[in-house]
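Just below is one structure, and these are the notes that go with it.
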Amino acid sequence: IKRKLCRMSMILVVILYALLASTFIFAKNVLSYAHPCFTIGFRMLIAGTLLLGYQRLVGRITIDRSHWWLFFKASLFHIYFAFILEFWALQYVSALKTTLIYSATPFIAALLSYVLLHERLTVKKIIGVVIGIGGLVPVIMAATTGPEARMEVLFSLSLPEIVLFGSVISASYAWFIVKDLMHAGYSFGLINGVAMFIGGILSMGTAGVVEGFAHPVSNWPHFLLWVGVLILVANIIVYNLYALLLKRYSITFVMFSGFLCPSFGALYEWLFMS
């Protein structure tokens, strides 16, 4: 029975990253019909409302006043900064390249563990981080085409790529905040619900200032279709599956399994984006 459960868990890890890689394609499609800040605000407000509504149905929503700052930080780094930076960059960078850059997450997380938690980096870990980051160099150094090629370039990095790395750092740092909140006794659903709702409000505010609300969406039926798919796959299935796997495996293992993501990203880019 234990072997079967272990096998099933490993299959779920593969499914997690197969689904996660698909969200970059969905996000790219959404951005064909709407502004990035408005898209994030719209999506996160709906997803946050659904998650908080579910939490309210199954029990009371209680947050200790001493943890309000942690929840706000989670909203900023887990949702607002991570998605605003990612979606802006996605206008210029291919979904595949975005997936590849996001594969730097576990290495950045390892470095953040050293800085924030004072975890000791062994020689093997240092070698692993160097090899992992080194593997990204050919991708970053590759010649850019299309809209990305017209952006400012710094040391062979285009501006969208630099912004994407900022998104990766924000998302990696956010997991340490989420972990603290989970240790404080809050469910993953509640943490995500609050973070998404507050992040959605902040994103809508940014959309009003930067993009305006005159014509935020060019095609509402297509926009609603792809946003609905994103909410279902990313906000509901992926996030909750991630939480389920964290109960069985360490956060290090789950994050390092992200090497599967670029493989699926390459397949999807070939199948759906020619």
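Simple scheme: letters A, B, ... for chains in structure tokens order, numbers from 1 for residues in each chain, numbers from 1 for ligands in the order shown.
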List every residue of region 51-140 of chain A that DSSP, applied to the backbone of this structure, places in helix (DSSP H, G or I), and write the result as number ranges by chain.
A: 51-58, 65-90, 95-102, 105-116, 123-140
Would you list the contacts of Tyr242 (chain A) as JSON, numbers by chain, taking every protein, DNA or RNA residue within 10 Å and counting only C-alpha atoms, but skipping same-chain residues closer than 2 positions in sequence?
{"A": [12, 13, 16, 17, 188, 237, 238, 239, 240, 244, 245, 246, 247, 251, 254, 255]}
From the list A:Ala184, A:Ala27, A:Leu96, A:Ile15, which residue is nearest Leu225 (chain A) when using only C-alpha atoms?
A:Ala27
Check the smallest atom-to-atom distance from each of A:Leu90, A:Ile46, A:Leu111, A:Leu260 to Gly128 (chain A) using only C-alpha atoms, then report the winner.
A:Leu111
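Within 10 Å of Glu86 (chain A), once only C-alpha atoms are used and residues closer than 5 positions along the same chain are dropped, the contacting residues are Phe24, Ala27, Pro36, Tyr80, Phe81, Gln91, Val93, Thr98, Tyr102, Pro160, Glu161, Val163, Leu164, Phe165, Gly166, Ser167 and Val168 of chain A.
Nearest residue to Ala104 (chain A) among A:Ile133, A:Ala207, A:Ala234, A:Cys261 is A:Ile133, counting only C-alpha atoms.
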Hey, can you check how far CA of Arg120 (chain A) sits from CA of Ala174 (chain A)?
20.6 Å
d(CA of Gly208 (chain A), CA of Cys37 (chain A)) in Å:
8.7 Å
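Shortest separation to Leu45 (chain A) among A:Trp220, A:Ser257, A:Ile201, A:Gly228 occurs at residue A:Ile201, atoms counted being only C-alpha atoms.
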Kindly indicate which residue among A:Thr105, A:Thr23, A:Thr49, A:Thr99 lies nearest to Val233 (chain A), using only C-alpha atoms for the distances.
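Selected residue with least distance to Val233 (chain A): A:Thr23.
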Quick one, how far is CA of Gly135 (chain A) from CA of Gly258 (chain A)?
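So the two atoms, CA of Gly135 (chain A) and CA of Gly258 (chain A), lie 13.9 Å apart.
You can rank A:Ser9, A:Ser113, A:Asn219, A:Ser158 by their closest distance to Phe176 (chain A) using only C-alpha atoms, and at the top of that list sits A:Ser113.
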Quick one: pick out all strand (DSSP E or B) residues within region 36-243 of chain A from a backbone DSSP run and write them as a PyMOL selection string.
chain A and resi 153-154+157-158+217
Ile191 (chain A) surroundings by only C-alpha atoms, 9 Å radius, close-in-sequence under 3 positions cut, as a VMD selection string:
chain A and resid 71 74 to 75 178 181 to 182 186 to 188 194 to 196
Selected residues written out with N, CA and C atoms, as a JSON list (two decimals), in the first residue's frame:
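Saved file result.json follows:
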[["chain", "number", "residue", "atom", "x", "y", "z"],
["A", 71, "PHE", "N", 0.14, 38.38, 6.24],
["A", 71, "PHE", "CA", -0.84, 38.18, 5.15],
["A", 71, "PHE", "C", -0.67, 39.25, 4.07],
["A", 74, "ALA", "N", 2.36, 38.42, 2.07],
["A", 74, "ALA", "CA", 2.03, 37.32, 1.16],
["A", 74, "ALA", "C", 1.28, 37.84, -0.06],
["A", 75, "SER", "N", 0.36, 38.79, 0.16],
["A", 75, "SER", "CA", -0.40, 39.39, -0.94],
["A", 75, "SER", "C", 0.52, 40.13, -1.90],
["A", 178, "VAL", "N", 4.54, 32.19, 3.13],
["A", 178, "VAL", "CA", 3.44, 31.22, 3.17],
["A", 178, "VAL", "C", 3.74, 30.11, 4.17],
["A", 181, "LEU", "N", 3.11, 31.27, 7.67],
["A", 181, "LEU", "CA", 1.67, 31.33, 7.96],
["A", 181, "LEU", "C", 1.09, 29.93, 8.17],
["A", 182, "MET", "N", 1.59, 28.96, 7.39],
["A", 182, "MET", "CA", 1.13, 27.57, 7.57],
["A", 182, "MET", "C", 1.57, 27.04, 8.93],
["A", 186, "TYR", "N", -2.59, 28.38, 9.82],
["A", 186, "TYR", "CA", -3.56, 28.77, 8.79],
["A", 186, "TYR", "C", -3.53, 27.77, 7.64],
["A", 187, "SER", "N", -4.70, 27.50, 7.07],
["A", 187, "SER", "CA", -4.77, 26.56, 5.94],
["A", 187, "SER", "C", -4.25, 27.23, 4.68],
["A", 188, "PHE", "N", -3.78, 26.41, 3.75],
["A", 188, "PHE", "CA", -3.24, 26.92, 2.49],
["A", 188, "PHE", "C", -4.33, 27.65, 1.69],
["A", 194, "VAL", "N", -6.92, 34.99, 0.87],
["A", 194, "VAL", "CA", -6.65, 36.35, 1.33],
["A", 194, "VAL", "C", -5.63, 37.03, 0.43],
["A", 195, "ALA", "N", -4.54, 36.32, 0.10],
["A", 195, "ALA", "CA", -3.47, 36.89, -0.74],
["A", 195, "ALA", "C", -4.01, 37.26, -2.12],
["A", 196, "MET", "N", -4.81, 36.38, -2.70],
["A", 196, "MET", "CA", -5.36, 36.65, -4.04],
["A", 196, "MET", "C", -6.33, 37.82, -4.01]]
